[in-house]
file target-v2.cif (mmCIF, C-alpha atoms)
data_final
loop_
_atom_site.label_atom_id
_atom_site.label_comp_id
_atom_site.auth_asym_id
_atom_site.auth_seq_id
_atom_site.Cartn_x
_atom_site.Cartn_y
_atom_site.Cartn_z
CA MET A 30 -11.74 49.07 -39.08
CA ALA A 31 -9.90 51.92 -40.68
CA ALA A 32 -10.65 53.32 -44.08
CA THR A 33 -8.23 52.62 -46.88
CA ALA A 34 -6.82 54.52 -49.82
CA ALA A 35 -9.28 54.11 -52.67
CA SER A 36 -7.99 52.91 -56.01
CA GLY A 37 -8.86 50.45 -58.76
CA LEU A 38 -12.34 49.20 -57.93
CA GLN A 39 -12.49 51.84 -55.20
CA LEU A 40 -11.43 49.46 -52.44
CA ALA A 41 -8.05 50.06 -50.95
CA SER A 42 -6.04 47.45 -49.13
CA ALA A 43 -4.44 50.00 -46.89
CA ARG A 44 -6.50 52.23 -44.60
CA PRO A 45 -6.41 56.07 -44.51
CA CYS A 46 -3.96 58.02 -42.46
CA ILE A 47 -1.06 60.34 -42.86
CA ALA A 48 2.13 60.73 -40.99
CA SER A 49 2.91 63.91 -39.14
CA SER A 50 6.05 65.01 -40.83
CA ARG A 51 7.10 68.45 -41.92
CA ARG A 52 9.40 67.14 -44.58
CA VAL A 53 9.15 68.89 -47.90
CA PHE A 54 9.99 66.64 -50.79
CA LYS A 55 11.47 69.16 -53.16
CA ALA A 56 11.34 68.98 -56.88
CA GLY A 57 14.35 68.19 -59.00
CA ALA A 58 14.93 68.04 -62.71
CA ALA A 59 13.75 64.85 -64.35
CA ASN A 60 12.55 63.59 -67.69
CA LEU A 61 8.88 62.70 -68.03
CA ASP A 62 8.35 58.96 -68.22
CA VAL A 63 4.91 57.36 -68.52
CA ASN A 64 4.70 53.62 -67.82
CA SER A 65 8.44 53.30 -68.45
CA LYS A 66 7.95 54.41 -72.05
CA ALA A 67 9.34 57.69 -73.18
CA VAL A 68 6.75 60.26 -74.09
CA SER A 69 7.85 63.33 -75.96
CA TRP A 70 5.94 66.37 -74.77
CA THR A 71 5.38 69.31 -77.03
CA LYS A 72 6.07 72.82 -75.79
CA LEU A 73 4.37 73.30 -72.49
CA ALA A 74 2.36 76.44 -71.80
CA SER A 75 3.09 78.27 -68.59
CA ALA A 76 1.07 78.65 -65.42
CA CYS A 77 -0.85 75.35 -65.61
CA HIS A 78 -2.66 75.94 -68.88
CA LEU A 79 -4.64 73.48 -70.90
CA SER A 80 -5.00 74.18 -74.58
CA GLN A 81 -8.44 74.23 -76.15
CA SER A 82 -10.15 71.58 -78.24
CA LEU A 83 -8.45 68.19 -77.99
CA GLU A 84 -5.14 69.11 -76.43
CA PRO A 85 -6.05 68.20 -72.83
CA PHE A 86 -6.25 64.53 -73.75
CA ARG A 87 -3.29 63.55 -75.88
CA ARG A 88 -2.73 59.88 -76.49
CA SER A 89 0.59 58.13 -76.18
CA PHE A 90 0.48 55.01 -78.31
CA ALA A 91 3.65 53.51 -76.89
CA SER A 92 2.29 50.01 -77.35
CA SER A 93 0.48 48.50 -80.29
CA SER A 94 -1.84 46.66 -77.92
CA VAL A 95 -5.14 48.32 -77.10
CA MET A 96 -4.68 47.05 -73.53
CA PHE A 97 -1.82 49.43 -72.94
CA ASN A 98 -2.82 52.56 -74.80
CA LYS A 99 -2.59 55.48 -72.39
CA VAL A 100 -3.92 58.99 -72.45
CA VAL A 101 -1.64 61.74 -71.24
CA THR A 102 -3.15 65.06 -70.34
CA LYS A 103 -1.57 68.45 -70.11
CA ALA A 104 -2.50 69.79 -66.72
CA MET A 105 0.62 71.87 -66.59
CA SER A 106 2.94 72.98 -63.90
CA GLU A 107 4.68 76.31 -64.23
CA SER A 108 7.47 76.26 -66.81
CA SER A 109 7.98 79.81 -67.97
CA GLU A 110 6.58 83.12 -66.87
CA ASN A 111 7.47 84.82 -70.12
CA LYS A 112 5.91 82.59 -72.75
CA PRO A 113 2.52 83.59 -74.11
CA VAL A 114 -0.29 81.19 -73.26
CA SER A 115 -3.42 80.21 -75.08
CA GLY A 116 -6.47 78.17 -74.28
CA LEU A 117 -8.41 77.75 -71.04
CA PRO A 118 -6.29 77.67 -67.90
CA ILE A 119 -6.45 75.21 -65.04
CA ASP A 120 -4.56 77.47 -62.68
CA LEU A 121 -4.50 76.38 -59.05
CA LYS A 122 -1.50 78.44 -58.01
CA GLY A 123 -1.99 79.81 -54.52
CA LYS A 124 -4.45 77.02 -53.67
CA ARG A 125 -3.87 74.36 -51.03
CA ALA A 126 -5.24 70.81 -51.22
CA PHE A 127 -5.62 68.13 -48.58
CA VAL A 128 -5.78 64.65 -50.15
CA ALA A 129 -6.94 61.94 -47.74
CA GLY A 130 -6.03 58.38 -48.64
CA VAL A 131 -2.58 58.37 -50.25
CA ALA A 132 -0.49 55.35 -49.28
CA ASP A 133 1.48 54.60 -52.46
CA ASP A 134 2.17 56.01 -55.91
CA ASN A 135 -0.20 54.07 -58.13
CA GLY A 136 -3.72 54.73 -56.85
CA TYR A 137 -6.23 57.41 -57.69
CA GLY A 138 -5.36 59.48 -54.62
CA TRP A 139 -1.76 59.86 -55.80
CA ALA A 140 -2.86 60.67 -59.35
CA ILE A 141 -5.22 63.38 -58.09
CA ALA A 142 -2.51 64.89 -55.89
CA LYS A 143 -0.15 64.89 -58.86
CA SER A 144 -2.60 66.62 -61.20
CA LEU A 145 -3.42 69.24 -58.58
CA ALA A 146 0.30 69.84 -58.10
CA ALA A 147 0.81 70.12 -61.87
CA ALA A 148 -1.84 72.83 -61.87
CA GLY A 149 0.07 74.71 -59.19
CA ALA A 150 -1.64 73.67 -55.93
CA GLU A 151 0.22 73.02 -52.70
CA ILE A 152 -0.25 69.40 -51.60
CA LEU A 153 -0.93 68.04 -48.13
CA VAL A 154 -1.75 64.37 -47.76
CA GLY A 155 -3.29 62.10 -45.15
CA THR A 156 -2.04 58.51 -44.88
CA TRP A 157 -3.38 55.59 -42.90
CA VAL A 158 -1.28 55.34 -39.75
CA PRO A 159 0.04 51.77 -40.21
CA ALA A 160 1.14 52.65 -43.77
CA LEU A 161 2.77 55.92 -42.75
CA ASN A 162 6.35 54.84 -42.15
CA ILE A 163 6.55 52.86 -45.39
CA PHE A 164 5.08 55.74 -47.37
CA GLU A 165 7.37 58.38 -45.90
CA THR A 166 10.42 56.16 -46.20
CA SER A 167 9.64 55.48 -49.86
CA LEU A 168 9.27 59.21 -50.52
CA ARG A 169 12.47 60.04 -48.68
CA ARG A 170 14.52 57.38 -50.49
CA GLY A 171 13.29 58.43 -53.90
CA LYS A 172 11.29 55.28 -54.61
CA PHE A 173 8.43 57.40 -55.95
CA ASP A 174 10.57 59.90 -57.85
CA GLU A 175 9.65 58.50 -61.25
CA SER A 176 5.97 58.74 -60.36
CA ARG A 177 6.42 62.30 -59.06
CA VAL A 178 7.50 63.69 -62.43
CA LEU A 179 5.25 66.55 -63.58
CA PRO A 180 4.73 67.67 -67.20
CA ASP A 181 7.43 70.34 -66.90
CA GLY A 182 10.01 67.81 -65.71
CA SER A 183 10.00 68.85 -62.05
CA LEU A 184 8.90 66.59 -59.22
CA MET A 185 5.68 66.86 -57.28
CA GLU A 186 6.27 68.25 -53.81
CA ILE A 187 4.31 67.07 -50.79
CA THR A 188 4.51 69.84 -48.22
CA LYS A 189 3.39 67.71 -45.30
CA VAL A 190 2.16 64.20 -44.59
CA TYR A 191 -0.34 63.75 -41.76
CA PRO A 192 -1.26 60.48 -40.02
CA LEU A 193 -4.98 59.87 -40.49
CA ASP A 194 -7.50 57.18 -39.67
CA ALA A 195 -10.80 58.47 -41.01
CA VAL A 196 -12.82 55.78 -39.23
CA PHE A 197 -12.42 57.72 -35.99
CA ASP A 198 -13.85 61.23 -35.64
CA ASN A 199 -12.14 62.15 -32.35
CA PRO A 200 -9.94 60.53 -29.66
CA ASP A 201 -12.96 59.38 -27.64
CA ASP A 202 -13.98 57.12 -30.54
CA VAL A 203 -10.71 55.16 -30.56
CA PRO A 204 -10.99 51.75 -28.84
CA GLU A 205 -8.28 50.58 -26.48
CA ASP A 206 -7.02 47.84 -28.81
CA ILE A 207 -6.25 50.47 -31.47
CA LYS A 208 -4.61 52.83 -28.98
CA THR A 209 -2.24 50.05 -27.89
CA ASN A 210 -1.69 48.62 -31.38
CA LYS A 211 1.99 48.64 -32.31
CA ARG A 212 1.16 49.86 -35.80
CA TYR A 213 -0.15 53.10 -34.28
CA ALA A 214 2.81 53.56 -31.94
CA GLY A 215 4.75 56.77 -32.50
CA SER A 216 1.87 58.59 -34.19
CA ALA A 217 -0.47 61.08 -32.57
CA ASN A 218 -3.36 63.38 -33.47
CA TRP A 219 -4.59 61.15 -36.28
CA THR A 220 -8.39 61.19 -35.84
CA VAL A 221 -10.35 63.33 -38.31
CA LYS A 222 -10.95 66.15 -35.84
CA GLU A 223 -7.32 66.22 -34.73
CA VAL A 224 -5.97 66.24 -38.28
CA ALA A 225 -8.26 69.12 -39.22
CA GLU A 226 -7.06 71.02 -36.16
CA SER A 227 -3.42 70.30 -37.06
CA VAL A 228 -3.89 71.52 -40.62
CA LYS A 229 -5.55 74.69 -39.34
CA GLN A 230 -2.70 75.30 -36.93
CA ASP A 231 -0.05 74.63 -39.58
CA PHE A 232 -1.59 76.37 -42.61
CA GLY A 233 -4.72 78.21 -41.56
CA SER A 234 -6.91 77.16 -44.47
CA ILE A 235 -7.30 74.92 -47.50
CA ASP A 236 -9.14 75.28 -50.81
CA ILE A 237 -9.49 71.68 -51.97
CA LEU A 238 -10.48 68.54 -50.04
CA VAL A 239 -10.14 65.09 -51.62
CA HIS A 240 -11.57 61.89 -50.15
CA SER A 241 -9.84 58.84 -51.64
CA LEU A 242 -10.75 56.30 -48.98
CA ALA A 243 -12.60 53.00 -48.91
CA ASN A 244 -12.52 49.76 -47.02
CA GLY A 245 -14.80 46.74 -46.84
CA PRO A 246 -13.49 43.97 -44.59
CA GLU A 247 -15.94 41.49 -46.15
CA VAL A 248 -15.78 42.72 -49.74
CA SER A 249 -15.27 39.19 -51.07
CA LYS A 250 -18.52 37.97 -49.49
CA PRO A 251 -21.89 38.09 -51.27
CA LEU A 252 -24.30 40.54 -49.66
CA LEU A 253 -26.46 37.70 -48.29
CA GLU A 254 -23.40 36.37 -46.44
CA THR A 255 -22.22 39.75 -45.14
CA SER A 256 -22.38 40.29 -41.39
CA ARG A 257 -23.91 43.37 -39.79
CA ASN A 258 -20.50 44.44 -38.53
CA GLY A 259 -18.90 43.97 -41.94
CA TYR A 260 -21.68 45.92 -43.66
CA LEU A 261 -21.54 48.82 -41.20
CA ALA A 262 -17.73 48.85 -41.33
CA ALA A 263 -17.88 49.30 -45.12
CA LEU A 264 -20.27 52.25 -44.78
CA SER A 265 -18.26 53.80 -41.97
CA ALA A 266 -14.93 53.67 -43.79
CA SER A 267 -16.16 54.30 -47.32
CA SER A 268 -19.02 56.79 -47.02
CA TYR A 269 -19.47 58.30 -43.56
CA SER A 270 -15.74 59.06 -43.50
CA TYR A 271 -16.44 61.60 -46.24
CA VAL A 272 -19.20 63.25 -44.23
CA SER A 273 -16.84 63.45 -41.26
CA LEU A 274 -13.95 64.85 -43.30
CA LEU A 275 -16.09 67.58 -44.82
CA LYS A 276 -17.72 68.36 -41.48
CA HIS A 277 -14.36 68.93 -39.79
CA PHE A 278 -12.49 70.52 -42.70
CA ILE A 279 -15.19 72.82 -44.05
CA PRO A 280 -14.48 75.50 -41.39
CA LEU A 281 -10.94 75.62 -42.85
CA MET A 282 -12.05 75.86 -46.49
CA ASN A 283 -12.05 79.16 -48.30
CA PRO A 284 -15.32 80.18 -50.02
CA GLY A 285 -15.38 78.90 -53.59
CA GLY A 286 -13.48 75.78 -52.58
CA SER A 287 -14.05 72.29 -53.92
CA SER A 288 -14.48 68.87 -52.30
CA ILE A 289 -14.14 65.66 -54.33
CA SER A 290 -14.61 61.97 -53.55
CA LEU A 291 -14.31 58.73 -55.54
CA THR A 292 -17.15 56.33 -56.21
CA TYR A 293 -17.74 53.29 -58.40
CA ILE A 294 -20.49 52.11 -60.72
CA ALA A 295 -21.36 49.26 -58.32
CA SER A 296 -23.46 51.93 -56.59
CA GLU A 297 -26.06 51.58 -59.36
CA ARG A 298 -25.20 48.39 -61.25
CA ILE A 299 -24.66 44.80 -60.10
CA ILE A 300 -20.95 43.96 -59.92
CA PRO A 301 -20.60 40.34 -58.73
CA GLY A 302 -17.62 40.00 -56.41
CA TYR A 303 -17.86 43.57 -55.12
CA GLY A 304 -19.68 42.62 -51.96
CA GLY A 305 -19.54 43.06 -48.22
CA GLY A 306 -21.73 46.13 -48.37
CA MET A 307 -19.33 48.06 -50.61
CA SER A 308 -21.92 48.65 -53.33
CA SER A 309 -24.25 50.05 -50.66
CA ALA A 310 -21.45 52.24 -49.34
CA LYS A 311 -20.84 53.73 -52.78
CA ALA A 312 -24.58 54.34 -53.23
CA ALA A 313 -24.60 56.14 -49.88
CA LEU A 314 -21.56 58.18 -50.89
CA GLU A 315 -23.30 59.38 -54.06
CA SER A 316 -26.49 60.25 -52.19
CA ASP A 317 -24.48 62.08 -49.55
CA THR A 318 -22.67 64.00 -52.30
CA ARG A 319 -25.95 65.56 -53.40
CA VAL A 320 -27.05 66.48 -49.87
CA LEU A 321 -23.60 67.79 -48.93
CA ALA A 322 -23.50 69.85 -52.12
CA PHE A 323 -26.69 71.61 -51.02
CA GLU A 324 -25.63 72.15 -47.41
CA ALA A 325 -22.00 73.08 -48.13
CA GLY A 326 -23.02 75.26 -51.03
CA ARG A 327 -25.67 77.21 -49.16
CA LYS A 328 -23.72 77.62 -45.93
CA HIS A 329 -20.10 77.81 -47.08
CA LYS A 330 -20.07 78.28 -50.89
CA ILE A 331 -18.21 74.99 -51.28
CA ARG A 332 -18.78 72.69 -54.27
CA VAL A 333 -19.11 68.93 -53.66
CA ASN A 334 -18.73 66.33 -56.42
CA THR A 335 -17.75 62.69 -56.81
CA ILE A 336 -15.90 60.91 -59.61
CA SER A 337 -17.13 57.48 -60.66
CA ALA A 338 -13.89 55.95 -61.86
CA GLY A 339 -13.42 52.79 -63.87
CA PRO A 340 -11.20 49.87 -62.80
CA LEU A 341 -7.50 50.55 -62.28
CA ARG A 342 -4.70 47.99 -62.06
CA SER A 343 -3.37 49.20 -58.71
CA ARG A 344 -1.79 47.27 -55.84
CA ALA A 345 -4.90 47.77 -53.73
CA ALA A 346 -7.28 46.60 -56.46
CA LYS A 347 -5.19 43.50 -57.17
CA ALA A 348 -5.95 42.37 -53.63
CA ILE A 349 -9.61 42.02 -54.60
CA GLY A 350 -8.65 39.24 -57.00
CA PHE A 351 -10.46 39.99 -60.27
CA ILE A 352 -9.26 43.44 -61.28
CA ASP A 353 -7.59 42.14 -64.46
CA THR A 354 -10.88 40.59 -65.54
CA MET A 355 -12.73 43.87 -64.91
CA ILE A 356 -10.20 45.83 -66.96
CA GLU A 357 -10.44 43.35 -69.83
CA TYR A 358 -14.24 43.55 -69.68
CA SER A 359 -14.13 47.34 -69.78
CA ILE A 360 -11.80 47.40 -72.78
CA ALA A 361 -13.99 44.91 -74.63
CA ASN A 362 -17.28 46.68 -73.95
CA ALA A 363 -16.72 50.40 -73.32
CA PRO A 364 -17.22 52.94 -76.13
CA LEU A 365 -13.54 53.88 -75.79
CA GLN A 366 -11.52 50.68 -76.07
CA LYS A 367 -8.48 51.46 -73.96
CA GLU A 368 -7.22 50.91 -70.46
CA LEU A 369 -8.12 53.70 -68.07
CA SER A 370 -5.21 55.75 -66.76
CA ALA A 371 -5.12 57.08 -63.20
CA ASP A 372 -3.97 60.38 -64.70
CA GLU A 373 -7.31 60.73 -66.48
CA VAL A 374 -9.07 60.61 -63.12
CA GLY A 375 -6.50 62.96 -61.64
CA ASN A 376 -7.00 65.55 -64.34
CA THR A 377 -10.77 65.36 -63.99
CA ALA A 378 -10.31 66.16 -60.32
CA ALA A 379 -8.06 69.12 -61.22
CA PHE A 380 -10.82 70.42 -63.50
CA LEU A 381 -13.48 70.01 -60.79
CA ALA A 382 -11.25 71.85 -58.32
CA SER A 383 -10.68 74.73 -60.73
CA PRO A 384 -12.75 77.84 -61.55
CA LEU A 385 -13.65 76.17 -64.85
CA ALA A 386 -16.07 73.98 -62.86
CA SER A 387 -17.47 76.84 -60.79
CA ALA A 388 -21.08 75.91 -61.60
CA ILE A 389 -20.71 72.14 -61.12
CA THR A 390 -21.76 70.67 -57.77
CA GLY A 391 -23.73 67.67 -56.54
CA ALA A 392 -22.63 65.71 -59.61
CA VAL A 393 -21.40 62.20 -60.28
CA ILE A 394 -18.77 62.54 -63.02
CA TYR A 395 -18.06 59.31 -64.88
CA VAL A 396 -14.44 58.71 -65.87
CA ASP A 397 -14.62 55.16 -67.18
CA ASN A 398 -14.23 55.33 -70.98
CA GLY A 399 -18.02 55.43 -71.22
CA LEU A 400 -18.68 51.98 -69.77
CA ASN A 401 -21.47 53.42 -67.59
CA ALA A 402 -23.51 54.15 -70.73
CA MET A 403 -23.62 50.54 -71.91
CA GLY A 404 -26.71 48.40 -71.42
CA VAL A 405 -25.21 45.09 -72.58
CA GLY A 406 -21.81 43.49 -72.87
CA VAL A 407 -21.08 43.54 -76.60
CA ASP A 408 -18.45 40.80 -76.19
CA SER A 409 -21.28 38.35 -75.50
CA PRO A 410 -21.52 35.44 -78.00
CA ILE A 411 -25.11 36.46 -78.80
CA PHE A 412 -23.74 39.49 -80.66
CA LYS A 413 -21.16 37.56 -82.68
CA ASP A 414 -23.07 37.91 -85.93
CA LEU A 415 -23.58 41.66 -85.60
CA ASN A 416 -21.18 44.03 -87.26
CA ILE A 417 -20.18 45.87 -84.07
CA PRO A 418 -17.31 48.28 -84.67
CA GLY A 419 -14.23 48.07 -82.48
CA GLU A 420 -10.74 46.75 -82.02
CA LYS A 421 -10.18 43.01 -82.21
CA LEU A 422 -8.69 42.05 -78.85
#
call {"tool": "encode", "arguments": {"input": "target-v2.cif", "output": "structure tokens"}}
result
Amino acid sequence: MAATAASGLQLASARPCIASSRRVFKAGAANLDVNSKAVSWTKLASACHLSQSLEPFRRSFASSSVMFNKVVTKAMSESSENKPVSGLPIDLKGKRAFVAGVADDNGYGWAIAKSLAAAGAEILVGTWVPALNIFETSLRRGKFDESRVLPDGSLMEITKVYPLDAVFDNPDDVPEDIKTNKRYAGSANWTVKEVAESVKQDFGSIDILVHSLANGPEVSKPLLETSRNGYLAALSASSYSYVSLLKHFIPLMNPGGSSISLTYIASERIIPGYGGGMSSAKAALESDTRVLAFEAGRKHKIRVNTISAGPLRSRAAKAIGFIDTMIEYSIANAPLQKELSADEVGNTAAFLASPLASAITGAVIYVDNGLNAMGVGVDSPIFKDLNIPGEKL
């Protein structure tokens, strides 16, 4: 079972892989549009700068409903070489990122790629083989152009898309039924080892590695009803795939580089409905993050972190069946009563990949409006007589 692009509750409905195409999707002029609502940006600093204090997280209150309040950050792409800049820079110019697990334009993988591009990084992506043709066709036909808009009005460029199935380390691991599967026809060199070799041949090195992959074939089953194969498949696609990616890509990574994955709070809290071994897979991913941070740091001077992201209303997450309920619960109970934006996760990844996070490794960074800090659900009827501050939903 192949891994899938992680988004929403960190379970993607499409598996990881990227099509081998040398097409460069060049930027063109465009007006910034967030959630189909116009957002007027103030003057943008040059060379991917973030201003100090509160500027990195500016809110766009395009809707009066708390459900749709969005936060727009200013991880900037280059706009002018001559304007003076102020504040702390997130400058990734000259850096190259490989983002594994991008199959559409509304998951966390896409948002991370976009923020890295806004900060100046060159973007390579890996897409699950069966999703490759649809993804490349959508890019080529401009279906994602609105989603590609960067803060300076240009479009995110994807230098190359590689086919990738992170469940398989090398060609010897691929079973015959996958080799002969029509959905894999026309694609080659898509195991983890082969993709790493292709990237090395094409570009020589990378600076940033992003793992945005997860898949649990039995995610809808309670743990007590999960089969051994389903449980191991979840761990293989959602956690060991990260170990394999880092193992094969780390020889390509420049010292001082950064590796980032995505996890979910089900690793440490009970989330009914997130079954099939997926909670165990996320716990393993977080444990592996700490061990990999030590080994990669000592041997290669590479930082390793994971982002624990809140629920996102993505196509992949909708397939799970209760994503809307999880988002409503988060808005009702989190310290920050607003819907999480994929851009907020993307910009956190840009920070972790930058020199500003040069001393951060082995960490789980929560980007969930603070929901992880809560011990009870304050929307419970037992708290109805308490004067709990917050928006009335």
call {"tool": "atom_distance", "arguments": {"input": "target-v2.cif", "atom1": "atom CA of Ser309 of chain A", "atom2": "atom CA of Ala129 of chain A"}}
result
21.2 Å
call {"tool": "resolve_selection", "arguments": {"input": "target-v2.cif", "expression": "the PyMOL selection byres ((chain A and resi 380) around 10)", "output": "list in words"}}
result
Ala104, Pro118, Ile119, Asp120, Leu121, Ser144, Leu145, Ala148, Val374, Gly375, Asn376, Thr377, Ala378, Ala379, Leu381, Ala382, Ser383, Pro384, Leu385, Ala386 and Ser387 of chain A
call {"tool": "atom_distance", "arguments": {"input": "target-v2.cif", "atom1": "atom CA of Arg257 of chain A", "atom2": "atom CA of Val221 of chain A"}}
result
24.2 Å
call {"tool": "closest_atom_pairs", "arguments": {"input": "target-v2.cif", "of": "segment 183-276 of chain A", "to": "segment 287-290 of chain A", "cutoff": "12 Å", "atoms": "all atoms listed in the file", "output": "CSV"}}
result
residue,atom,partner,partner_atom,distance
A:Ile235,CA,A:Ser287,CA,9.7
A:Asp236,CA,A:Ser287,CA,6.5
A:Ile237,CA,A:Ser287,CA,5.0
A:Leu238,CA,A:Ser288,CA,4.6
A:Val239,CA,A:Ile289,CA,4.9
A:His240,CA,A:Ser290,CA,4.6
A:Ser241,CA,A:Ser290,CA,6.0
A:Leu242,CA,A:Ser290,CA,8.2
A:Ala243,CA,A:Ser290,CA,10.3
A:Ser267,CA,A:Ser290,CA,10.0
A:Ser268,CA,A:Ser290,CA,9.4
A:Tyr269,CA,A:Ser290,CA,11.7
A:Ser270,CA,A:Ser290,CA,10.5
A:Tyr271,CA,A:Ser290,CA,7.5
A:Val272,CA,A:Ser290,CA,10.5
A:Leu274,CA,A:Ser288,CA,9.9
A:Leu275,CA,A:Ser288,CA,7.8
A:Lys276,CA,A:Ser288,CA,11.3
call {"tool": "closest_residue", "arguments": {"input": "target-v2.cif", "among": "A:Met355, A:Val407, A:Val190, A:Ile331", "to": "Gly130 of chain A", "atoms": "only C-alpha atoms"}}
result
A:Val190
call {"tool": "residues_around", "arguments": {"input": "target-v2.cif", "residues": "segment 392-394 of chain A", "least_positions_apart": "2", "cutoff": "9 Å", "atoms": "all atoms listed in the file", "output": "ChimeraX atom specification"}}
result
/A:292,315,318-319,322,333-338,377,389-390,396
call {"tool": "closest_residue", "arguments": {"input": "target-v2.cif", "among": "A:Ile356, A:Ile411, A:Leu252, A:Ala310", "to": "Glu297 of chain A", "atoms": "only C-alpha atoms"}}
result
A:Ala310
call {"tool": "closest_residue", "arguments": {"input": "target-v2.cif", "among": "A:Pro364, A:Pro204, A:Gly155, A:Gly286", "to": "Gly419 of chain A", "atoms": "all atoms listed in the file"}}
result
A:Pro364
call {"tool": "atom_distance", "arguments": {"input": "target-v2.cif", "atom1": "atom CA of Gly245 of chain A", "atom2": "atom CA of Phe173 of chain A"}}
result
27.1 Å
call {"tool": "closest_residue", "arguments": {"input": "target-v2.cif", "among": "A:Leu341, A:Ile279, A:Ala225, A:Ala150", "to": "Lys328 of chain A", "atoms": "only C-alpha atoms"}}
result
A:Ile279
call {"tool": "residues_around", "arguments": {"input": "target-v2.cif", "residues": "Val248 of chain A", "least_positions_apart": "5", "cutoff": "10 Å", "atoms": "all atoms listed in the file", "output": "list in words"}}
result
Leu40, Thr255, Gly259, Tyr260, Ala263, Gly302, Tyr303, Gly304, Gly305, Gly306, Met307, Ser308 and Ile349 of chain A
call {"tool": "resolve_selection", "arguments": {"input": "target-v2.cif", "expression": "the PyMOL selection byres ((chain A and resi 399) around 10)", "output": "PyMOL selection string"}}
result
chain A and resi 339+359+362-366+395-398+400-403
call {"tool": "closest_residue", "arguments": {"input": "target-v2.cif", "among": "A:Gly138, A:Pro280, A:Gly182, A:Gly326", "to": "Lys222 of chain A", "atoms": "all atoms listed in the file"}}
result
A:Pro280
call {"tool": "closest_residue", "arguments": {"input": "target-v2.cif", "among": "A:Ala388, A:Val405, A:Arg177, A:Glu226", "to": "Asn135 of chain A", "atoms": "only C-alpha atoms"}}
result
A:Arg177
call {"tool": "resolve_selection", "arguments": {"input": "target-v2.cif", "expression": "the PyMOL selection byres ((chain A and resi 208-220) around 8)", "output": "PyMOL selection string"}}
result
chain A and resi 46-49+158-159+191-200+203-207+221-224+227
call {"tool": "axis_aligned_box", "arguments": {"input": "target-v2.cif", "around": "segment 236-241 of chain A", "padding_each_side": "4 Å", "output": "AutoDock Vina command-line options"}}
result
--center_x -10.4 --center_y 67.1 --center_z -51.0 --size_x 10.4 --size_y 24.4 --size_z 9.9
call {"tool": "residues_around", "arguments": {"input": "target-v2.cif", "residues": "Asp174 of chain A", "least_positions_apart": "3", "cutoff": "9 Å", "atoms": "only C-alpha atoms", "output": "PyMOL selection string"}}
result
chain A and resi 59+168+170-171+177-178+184-185
call {"tool": "decode", "arguments": {"input": "target-v2.cif", "residues": "segment 274-287 of chain A", "atoms": "C-alpha atoms", "output": "PDB file, in the first residue's frame"}}
result
ATOM      1  CA  LEU A 274      13.379   9.237   2.731  1.00  0.00           C
ATOM      2  CA  LEU A 275      15.911  10.733   5.118  1.00  0.00           C
ATOM      3  CA  LYS A 276      18.202   7.714   4.806  1.00  0.00           C
ATOM      4  CA  HIS A 277      18.348   8.012   1.017  1.00  0.00           C
ATOM      5  CA  PHE A 278      18.272  11.805   0.714  1.00  0.00           C
ATOM      6  CA  ILE A 279      20.638  12.747   3.528  1.00  0.00           C
ATOM      7  CA  PRO A 280      23.745  12.064   1.383  1.00  0.00           C
ATOM      8  CA  LEU A 281      22.382  14.772  -0.963  1.00  0.00           C
ATOM      9  CA  MET A 282      21.676  17.312   1.782  1.00  0.00           C
ATOM     10  CA  ASN A 283      24.030  20.184   2.408  1.00  0.00           C
ATOM     11  CA  PRO A 284      25.271  20.628   6.008  1.00  0.00           C
ATOM     12  CA  GLY A 285      22.933  22.917   7.937  1.00  0.00           C
ATOM     13  CA  GLY A 286      19.938  21.564   6.039  1.00  0.00           C
ATOM     14  CA  SER A 287      16.504  20.891   7.481  1.00  0.00           C
TER      15      SER A 287
END
